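Chemist: Following this line is final-v1.cif, made up of mmCIF, C-alpha atoms:
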```
data_start
#
loop_
_atom_site.label_atom_id
_atom_site.label_comp_id
_atom_site.auth_asym_id
_atom_site.auth_seq_id
_atom_site.Cartn_x
_atom_site.Cartn_y
_atom_site.Cartn_z
CA MET A 1 1.49 -63.65 21.43
CA ALA A 2 -0.34 -60.44 22.42
CA LYS A 3 0.49 -58.82 25.71
CA PRO A 4 -2.13 -59.67 28.39
CA SER A 5 -3.06 -56.02 28.85
CA LEU A 6 -3.93 -55.76 25.15
CA ALA A 7 -5.69 -59.10 24.88
CA GLY A 8 -9.15 -57.57 24.69
CA LYS A 9 -8.33 -55.03 21.98
CA PRO A 10 -8.46 -57.38 18.95
CA LEU A 11 -11.90 -58.58 20.02
CA VAL A 12 -13.23 -55.03 20.41
CA ASP A 13 -11.72 -54.04 17.07
CA ALA A 14 -13.34 -57.05 15.40
CA ALA A 15 -16.73 -56.06 16.81
CA TYR A 16 -16.33 -52.54 15.42
CA ARG A 17 -15.30 -53.85 12.00
CA LEU A 18 -18.31 -56.13 11.78
CA LEU A 19 -20.73 -53.43 12.93
CA MET A 20 -19.36 -50.91 10.41
CA LYS A 21 -20.62 -53.27 7.71
CA ASP A 22 -24.08 -53.32 9.31
CA LYS A 23 -24.68 -49.72 10.41
CA SER A 24 -28.43 -50.23 10.03
CA MET A 25 -28.31 -52.35 13.19
CA VAL A 26 -27.77 -49.17 15.22
CA GLY A 27 -31.04 -47.83 13.84
CA LEU A 28 -32.71 -51.18 14.52
CA LEU A 29 -31.75 -51.01 18.20
CA PHE A 30 -32.86 -47.37 18.36
CA VAL A 31 -36.27 -48.39 17.01
CA GLY A 32 -36.28 -51.33 19.38
CA GLY A 33 -35.73 -49.02 22.34
CA LEU A 34 -38.62 -46.81 21.28
CA CYS A 35 -40.89 -49.82 20.72
CA SER A 36 -39.94 -51.23 24.12
CA ALA A 37 -40.81 -47.95 25.83
CA LEU A 38 -44.06 -47.77 23.85
CA ALA A 39 -44.97 -51.34 24.85
CA PHE A 40 -44.45 -50.47 28.52
CA GLY A 41 -46.53 -47.30 28.20
CA LEU A 42 -49.40 -49.01 26.37
CA ILE A 43 -50.09 -51.03 29.52
CA VAL A 44 -49.07 -48.68 32.33
CA VAL A 45 -50.67 -45.48 30.99
CA PRO A 46 -54.23 -46.81 30.41
CA ALA A 47 -54.13 -48.66 33.73
CA SER A 48 -52.94 -45.50 35.47
CA ILE A 49 -55.75 -43.46 33.90
CA VAL A 50 -58.30 -45.95 35.20
CA HIS A 51 -56.58 -46.03 38.58
CA GLY A 52 -56.41 -42.25 38.79
CA SER A 53 -52.64 -42.04 39.35
CA LEU A 54 -49.45 -43.53 37.97
CA LEU A 55 -49.36 -47.23 38.83
CA THR A 56 -46.09 -48.73 40.04
CA GLU A 57 -45.05 -52.06 41.52
CA ARG A 58 -45.57 -50.49 44.96
CA ASP A 59 -49.35 -50.10 44.49
CA GLY A 60 -50.43 -53.44 45.92
CA VAL A 61 -51.29 -56.56 43.95
CA ALA A 62 -52.94 -54.63 41.09
CA GLY A 63 -49.98 -52.32 40.71
CA LEU A 64 -47.46 -55.14 40.88
CA GLY A 65 -49.39 -57.20 38.34
CA THR A 66 -49.72 -54.27 35.95
CA TYR A 67 -46.07 -53.36 36.33
CA ALA A 68 -44.99 -56.98 35.79
CA LEU A 69 -47.12 -57.33 32.64
CA ALA A 70 -45.79 -54.05 31.23
CA LEU A 71 -42.22 -55.02 32.07
CA LEU A 72 -42.67 -58.45 30.48
CA LEU A 73 -43.97 -57.01 27.21
CA SER A 74 -41.32 -54.30 27.17
CA THR A 75 -38.54 -56.79 27.92
CA PHE A 76 -39.73 -59.18 25.23
CA VAL A 77 -39.73 -56.41 22.62
CA SER A 78 -36.24 -55.22 23.55
CA THR A 79 -34.98 -58.82 23.71
CA LEU A 80 -36.45 -59.55 20.29
CA PHE A 81 -34.67 -56.57 18.72
CA MET A 82 -31.42 -57.41 20.52
CA GLY A 83 -31.75 -60.97 19.26
CA ALA A 84 -32.10 -59.60 15.74
CA VAL A 85 -28.83 -57.69 16.07
CA VAL A 86 -27.11 -60.80 17.42
CA ALA A 87 -28.49 -62.70 14.42
CA ALA A 88 -27.10 -60.02 12.09
CA ALA A 89 -23.66 -60.33 13.71
CA MET A 90 -23.82 -64.12 13.33
CA ILE A 91 -24.80 -63.86 9.67
CA ARG A 92 -22.05 -61.32 9.00
CA ALA A 93 -19.43 -63.41 10.82
CA ASP A 94 -20.45 -66.41 8.70
CA GLY A 95 -19.84 -64.39 5.53
CA GLY A 96 -23.46 -63.43 4.82
CA GLN A 97 -25.10 -60.09 4.12
CA PRO A 98 -27.65 -59.44 6.89
CA THR A 99 -30.54 -57.03 6.53
CA ALA A 100 -32.95 -55.74 9.15
CA SER A 101 -35.69 -58.02 7.84
CA SER A 102 -33.52 -61.15 7.67
CA ALA A 103 -32.15 -60.48 11.17
CA MET A 104 -35.64 -59.97 12.58
CA ALA A 105 -36.77 -63.18 10.87
CA VAL A 106 -34.05 -65.15 12.66
CA ALA A 107 -34.95 -63.55 15.99
CA TRP A 108 -38.65 -64.24 15.43
CA SER A 109 -37.85 -67.90 14.76
CA ARG A 110 -36.51 -67.97 18.34
CA ARG A 111 -39.54 -66.14 19.77
CA GLY A 112 -40.37 -69.01 22.15
CA PRO A 113 -37.00 -69.09 23.92
CA LEU A 114 -36.79 -65.28 23.78
CA MET A 115 -40.21 -64.92 25.42
CA ALA A 116 -39.22 -67.46 28.08
CA TRP A 117 -36.04 -65.49 28.69
CA ALA A 118 -38.00 -62.23 28.90
CA ALA A 119 -40.27 -63.87 31.50
CA MET A 120 -37.31 -64.97 33.60
CA SER A 121 -35.68 -61.54 33.29
CA THR A 122 -38.95 -59.91 34.33
CA LEU A 123 -39.26 -62.19 37.36
CA VAL A 124 -35.70 -61.43 38.41
CA GLY A 125 -36.31 -57.71 37.91
CA ILE A 126 -39.46 -57.77 40.04
CA LEU A 127 -37.72 -59.71 42.80
CA MET A 128 -34.87 -57.20 42.78
CA ARG A 129 -37.28 -54.29 43.11
CA VAL A 130 -39.21 -55.96 45.92
CA LEU A 131 -35.95 -56.70 47.73
CA GLU A 132 -35.24 -52.95 47.95
CA ARG A 133 -38.10 -52.57 50.43
CA PHE A 134 -36.26 -54.42 53.18
CA GLY A 135 -33.76 -51.79 54.27
CA ALA A 136 -30.20 -50.79 53.48
CA ALA A 137 -28.80 -54.31 53.83
CA ALA A 138 -31.30 -55.57 51.26
CA VAL A 139 -30.26 -52.80 48.87
CA VAL A 140 -26.65 -53.99 49.11
CA VAL A 141 -27.73 -57.59 48.55
CA ARG A 142 -29.84 -56.47 45.62
CA PHE A 143 -26.88 -54.64 44.07
CA LEU A 144 -24.56 -57.63 44.45
CA ALA A 145 -27.18 -60.07 43.19
CA GLY A 146 -27.96 -57.81 40.24
CA ALA A 147 -24.29 -57.54 39.33
CA ALA A 148 -23.85 -61.30 39.55
CA TRP A 149 -26.93 -61.87 37.38
CA ALA A 150 -25.71 -59.38 34.76
CA VAL A 151 -22.32 -61.09 34.55
CA ALA A 152 -23.74 -64.61 34.50
CA THR A 153 -26.17 -63.76 31.68
CA MET A 154 -23.74 -61.76 29.57
CA PHE A 155 -24.03 -64.23 26.69
CA ALA A 156 -27.70 -65.14 27.12
CA ILE A 157 -28.98 -63.67 23.85
CA PRO A 158 -26.15 -65.04 21.67
CA VAL A 159 -26.71 -68.45 23.28
CA ILE A 160 -30.46 -68.32 22.57
CA ILE A 161 -30.02 -67.19 18.97
CA ALA A 162 -27.28 -69.73 18.25
CA GLU A 163 -28.63 -72.70 20.19
CA GLY A 164 -32.31 -72.02 20.99
CA THR A 165 -31.95 -72.84 24.69
CA MET A 166 -34.58 -72.24 27.37
CA PRO A 167 -33.82 -70.06 30.45
CA VAL A 168 -32.09 -72.52 32.82
CA ASP A 169 -29.90 -73.96 30.07
CA THR A 170 -29.28 -70.44 28.77
CA VAL A 171 -27.85 -69.30 32.11
CA ARG A 172 -25.74 -72.44 32.44
CA ARG A 173 -24.40 -72.08 28.90
CA SER A 174 -23.74 -68.35 29.32
CA VAL A 175 -21.67 -69.00 32.45
CA GLN A 176 -19.79 -71.74 30.62
CA VAL A 177 -18.92 -69.39 27.76
CA LEU A 178 -17.93 -66.63 30.17
CA THR A 179 -15.57 -68.80 32.21
CA SER A 180 -13.99 -70.48 29.18
CA ARG A 181 -12.36 -67.22 28.12
CA PHE A 182 -12.81 -65.23 31.31
CA GLY A 183 -9.74 -62.99 31.05
CA SER A 184 -10.29 -61.96 27.44
CA ASN A 185 -14.04 -61.55 27.94
CA VAL A 186 -13.64 -59.26 30.95
CA ARG A 187 -10.89 -57.13 29.41
CA ALA A 188 -12.77 -56.68 26.14
CA THR A 189 -16.05 -55.81 27.88
CA PHE A 190 -14.36 -53.37 30.26
CA ARG A 191 -12.48 -51.69 27.42
CA LEU A 192 -15.66 -51.12 25.44
CA GLY A 193 -17.76 -50.08 28.44
CA PHE A 194 -15.21 -47.51 29.61
CA GLN A 195 -15.03 -45.87 26.19
CA TRP A 196 -18.76 -45.45 25.78
CA SER A 197 -19.61 -44.63 29.39
CA LEU A 198 -17.72 -41.37 28.94
CA ALA A 199 -19.86 -40.46 25.92
CA ILE A 200 -23.09 -41.36 27.74
CA PHE A 201 -21.98 -39.34 30.77
CA ALA A 202 -21.26 -36.33 28.54
CA ALA A 203 -24.77 -36.56 27.03
CA LEU A 204 -26.28 -36.66 30.52
CA ILE A 205 -24.25 -33.61 31.55
CA VAL A 206 -25.50 -31.65 28.53
CA GLY A 207 -29.10 -32.69 29.19
CA GLY A 208 -28.82 -31.90 32.90
CA ALA A 209 -27.34 -28.47 32.22
CA GLY A 210 -30.11 -27.77 29.74
CA PHE A 211 -32.76 -28.78 32.26
CA ALA A 212 -31.22 -26.55 34.93
CA LEU A 213 -31.07 -23.58 32.52
CA ALA A 214 -34.64 -24.14 31.37
CA VAL A 215 -35.93 -24.25 34.95
CA GLY A 216 -33.86 -21.21 35.91
CA GLY A 217 -35.09 -19.28 32.89
CA SER A 218 -38.69 -20.18 33.67
CA GLU A 219 -38.36 -19.04 37.28
CA ASN A 220 -36.62 -15.78 36.31
CA GLY A 221 -38.89 -15.04 33.38
CA SER A 222 -35.98 -15.19 30.92
CA ILE A 223 -37.34 -16.55 27.66
CA GLY A 224 -33.88 -16.58 26.07
CA LEU A 225 -32.37 -18.63 28.88
CA GLU A 226 -35.36 -20.96 28.86
CA LEU A 227 -35.02 -21.46 25.11
CA VAL A 228 -31.28 -22.19 25.33
CA GLY A 229 -31.93 -24.60 28.18
CA GLY A 230 -34.65 -26.35 26.23
CA LEU A 231 -32.40 -26.75 23.19
CA LEU A 232 -29.58 -28.12 25.34
CA LEU A 233 -31.98 -30.49 27.06
CA LEU A 234 -33.25 -31.71 23.69
CA ALA A 235 -29.70 -32.12 22.40
CA GLY A 236 -28.72 -34.05 25.52
CA VAL A 237 -31.71 -36.37 25.29
CA VAL A 238 -31.18 -37.06 21.58
CA ALA A 239 -27.44 -37.57 22.14
CA PHE A 240 -28.15 -39.96 25.01
CA PHE A 241 -30.45 -42.14 22.91
CA VAL A 242 -28.17 -42.07 19.88
CA VAL A 243 -25.03 -42.86 21.89
CA SER A 244 -26.89 -45.56 23.83
CA ALA A 245 -28.07 -47.15 20.57
CA ILE A 246 -24.54 -47.14 19.14
CA TYR A 247 -23.06 -48.53 22.35
CA SER A 248 -25.75 -51.20 22.55
CA ALA A 249 -25.09 -52.24 18.95
CA VAL A 250 -21.31 -52.43 19.46
CA SER A 251 -21.84 -54.26 22.75
CA VAL A 252 -24.12 -56.83 21.12
CA TYR A 253 -21.63 -57.37 18.30
CA LEU A 254 -18.80 -57.70 20.83
CA ARG A 255 -20.67 -60.29 22.86
CA THR A 256 -21.40 -62.19 19.67
CA VAL A 257 -17.72 -62.06 18.71
CA LEU A 258 -16.75 -63.22 22.21
CA PHE A 259 -19.33 -66.01 22.07
CA ARG A 260 -18.03 -67.23 18.72
CA TYR A 261 -14.43 -66.98 19.89
CA ALA A 262 -15.15 -68.88 23.11
CA THR A 263 -17.08 -71.65 21.33
CA GLY A 264 -14.55 -72.13 18.56
CA ARG A 265 -16.70 -70.66 15.80
CA PRO A 266 -14.99 -68.67 13.01
CA THR A 267 -14.51 -65.00 13.92
CA PRO A 268 -13.41 -62.79 11.02
CA GLY A 269 -10.42 -60.60 11.72
CA ILE A 270 -9.36 -62.47 14.85
CA ASP A 271 -6.15 -64.47 15.06
CA ALA A 272 -6.93 -66.86 17.89
CA SER A 273 -3.21 -67.52 18.44
CA ALA A 274 -2.76 -63.87 19.41
CA LEU A 275 -5.08 -64.30 22.39
CA PRO A 276 -4.19 -66.34 25.47
CA PRO A 277 -6.41 -69.39 26.11
CA MET A 278 -8.38 -69.27 29.38
CA HIS A 279 -9.56 -72.62 30.77
CA GLY A 280 -10.11 -74.25 27.37
CA THR A 281 -12.84 -73.75 24.79
CA ALA A 282 -16.57 -73.98 25.52
CA ALA A 283 -17.87 -76.83 23.42
CA VAL A 284 -20.11 -75.91 20.52
#
```
Could you write out this file's structure as structure tokens?
Modeler:
Amino acid sequence: MAKPSLAGKPLVDAAYRLLMKDKSMVGLLFVGGLCSALAFGLIVVPASIVHGSLLTERDGVAGLGTYALALLLSTFVSTLFMGAVVAAAMIRADGGQPTASSAMAVAWSRRGPLMAWAAMSTLVGILMRVLERFGAAAVVVRFLAGAAWAVATMFAIPVIIAEGTMPVDTVRRSVQVLTSRFGSNVRATFRLGFQWSLAIFAALIVGGAGFALAVGGSENGSIGLELVGGLLLLAGVVAFFVVSAIYSAVSVYLRTVLFRYATGRPTPGIDASALPPMHGTAAV
């Protein structure tokens, strides 16, 4: 039996192995991120032009409504693309050969539950933002509530793609999957998150340094310094989006692997006997 401290490693390794067979999923999530940002901008920017300034959720009922609509559309787009990557991981784990089009087709077949989930996520997001207005104590509550929500919904998209559940059942099922293999799930997620957070942090450092150099060069009239800063800023931004797309893809594959492991579904490359059972198996 594997040592407890290493229990998450086989799961992370399995996620990497599956993703290496479907590298196009990284590009799919990158495109999904751009489309999500575009969807948000297509609503907020025109409304802001009409309004005369950038609309946010703080600009009364009109601002809150516009922000909520933009967030809903943006969340649905990102959820749809994430669902496609989950579908690809499912197909691959079942021995199939997923493509971007076949994965998107599976996600689109779940568009109803995914839209319902996007609506719930949007509502939760709006409530969290509104909560911030009520002082420091509310900010702490918001942070704790947000963390609890993120943990409870860790397996929401795999659950929707696999079982087609609506929001309330999705949350209930996600919690069930999480608690059924809690120790392995937490260790595997922490292991992956720690690895990639360092890369994301490095990209932010490069981008921040570039921004500082560009501003300093502009203020001092140094074209060379401004150019170097601009290039570093560009490199940092590109690196951030690329690293984020890779991390998101690996994370989605890991959650799919964890979901399959917790629900007793076949998981290629994983010897279940090498991982300690945690509170039984979530029923399929």
Chemist: Select, from A:Ser251, A:Gly193, A:Lys21, A:Glu219, the residue with the minimum atom-to-atom distance to A:Ala93, counting all atoms listed in the file.
Modeler: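 Comparing A:Ser251, A:Gly193, A:Lys21, A:Glu219 against A:Ala93, the winner is A:Lys21.
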Chemist: Using all atoms listed in the file, tabulate the residues of stretch 101-186 of chain A lying at most 10 Å from any atom of stretch 72-91 of chain A, each with its closest atom pair and that distance in Å to one decimal, by chain and increasing residue number, as CSV.
Modeler:
```
residue,atom,partner,partner_atom,distance
A:Ser101,CA,A:Ala84,CA,8.8
A:Ser102,CA,A:Ala88,CA,7.9
A:Ala103,CA,A:Ala84,CA,4.7
A:Met104,CA,A:Ala84,CA,4.8
A:Ala105,CA,A:Ala84,CA,7.6
A:Val106,CA,A:Ala87,CA,6.3
A:Ala107,CA,A:Ala84,CA,4.9
A:Trp108,CA,A:Leu80,CA,7.1
A:Arg110,CA,A:Gly83,CA,8.5
A:Arg111,CA,A:Leu80,CA,7.3
A:Leu114,CA,A:Thr79,CA,6.7
A:Met115,CA,A:Phe76,CA,5.8
A:Ala116,CA,A:Phe76,CA,8.8
A:Trp117,CA,A:Phe76,CA,8.1
A:Ala118,CA,A:Phe76,CA,5.1
A:Ala119,CA,A:Leu72,CA,6.0
A:Met120,CA,A:Leu72,CA,9.0
A:Ser121,CA,A:Thr75,CA,7.7
A:Thr122,CA,A:Leu72,CA,5.5
A:Leu123,CA,A:Leu72,CA,8.5
A:Gly125,CA,A:Leu72,CA,9.8
A:Ala156,CA,A:Gly83,CA,9.8
A:Ile157,CA,A:Gly83,CA,6.0
A:Pro158,CA,A:Val86,CA,6.1
A:Val159,CA,A:Val86,CA,9.6
A:Ile160,CA,A:Gly83,CA,8.2
A:Ile161,CA,A:Gly83,CA,6.5
A:Ala162,CA,A:Ala87,CA,8.1
```
Chemist: Please produce a file of the residues just selected, as a compact mmCIF listing (two decimals), in the coordinates of the input, where the atoms kept are C-alpha atoms.
Modeler:
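Ended up saving to out01.txt:
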```
# COMPACT_ATOMS: atom_id res chain seq x y z
CA SER A 101 -35.69 -58.02 7.84
CA SER A 102 -33.52 -61.15 7.67
CA ALA A 103 -32.15 -60.48 11.17
CA MET A 104 -35.64 -59.97 12.58
CA ALA A 105 -36.77 -63.18 10.87
CA VAL A 106 -34.05 -65.15 12.66
CA ALA A 107 -34.95 -63.55 15.99
CA TRP A 108 -38.65 -64.24 15.43
CA ARG A 110 -36.51 -67.97 18.34
CA ARG A 111 -39.54 -66.14 19.77
CA LEU A 114 -36.79 -65.28 23.78
CA MET A 115 -40.21 -64.92 25.42
CA ALA A 116 -39.22 -67.46 28.08
CA TRP A 117 -36.04 -65.49 28.69
CA ALA A 118 -38.00 -62.23 28.90
CA ALA A 119 -40.27 -63.87 31.50
CA MET A 120 -37.31 -64.97 33.60
CA SER A 121 -35.68 -61.54 33.29
CA THR A 122 -38.95 -59.91 34.33
CA LEU A 123 -39.26 -62.19 37.36
CA GLY A 125 -36.31 -57.71 37.91
CA ALA A 156 -27.70 -65.14 27.12
CA ILE A 157 -28.98 -63.67 23.85
CA PRO A 158 -26.15 -65.04 21.67
CA VAL A 159 -26.71 -68.45 23.28
CA ILE A 160 -30.46 -68.32 22.57
CA ILE A 161 -30.02 -67.19 18.97
CA ALA A 162 -27.28 -69.73 18.25
```
Chemist: So the first atom is atom CA of A:Ile43 and the second is atom CA of A:Val31; what is the distance between them in Å, to one decimal place?
Modeler: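 Separation of atom CA of A:Ile43 and atom CA of A:Val31: 18.8 Å.
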Chemist: In Å, rounded to a single decimal, give me how far atom CA of A:Leu18 is from atom CA of A:Ala150.
Modeler: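 Computing it gives 24.4 Å between the two atoms.
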Chemist: Work out how far apart atom CA of A:Leu213 and atom CA of A:Phe201 are and give it in Å to one decimal.
Modeler: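 Those two atoms sit 18.3 Å apart.
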Chemist: Of the candidates A:Gly236, A:Pro113, A:Gly146, A:Gly135, which shows the shortest atom-to-atom distance to A:Ala199, using only C-alpha atoms?
Modeler: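 Among A:Gly236, A:Pro113, A:Gly146, A:Gly135, it is A:Gly236 that comes nearest to A:Ala199.
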Chemist: From the set A:Ala68, A:Ala212, A:Leu178, A:Ala62, which residue has the shortest atom-to-atom contact distance to A:Arg260, counting all atoms listed in the file?
Modeler: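 Of A:Ala68, A:Ala212, A:Leu178, A:Ala62, the one nearest A:Arg260 is A:Leu178, counting all atoms listed in the file.
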Chemist: Return as a VMD selection string the set of residues that the PyMOL selection byres ((chain A and resi 15) around 9) yields on the displayed structure.
Modeler: chain A and resid 10 to 14 16 to 20 89 250 to 258
Chemist: Let me make sure I understand: among A:Ile205, A:Leu38, A:Ala148, A:Val26, which one has the smallest atom-to-atom distance to A:Phe240 if we use all atoms listed in the file?
Modeler: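 Comparing A:Ile205, A:Leu38, A:Ala148, A:Val26 against A:Phe240, the winner is A:Ile205.
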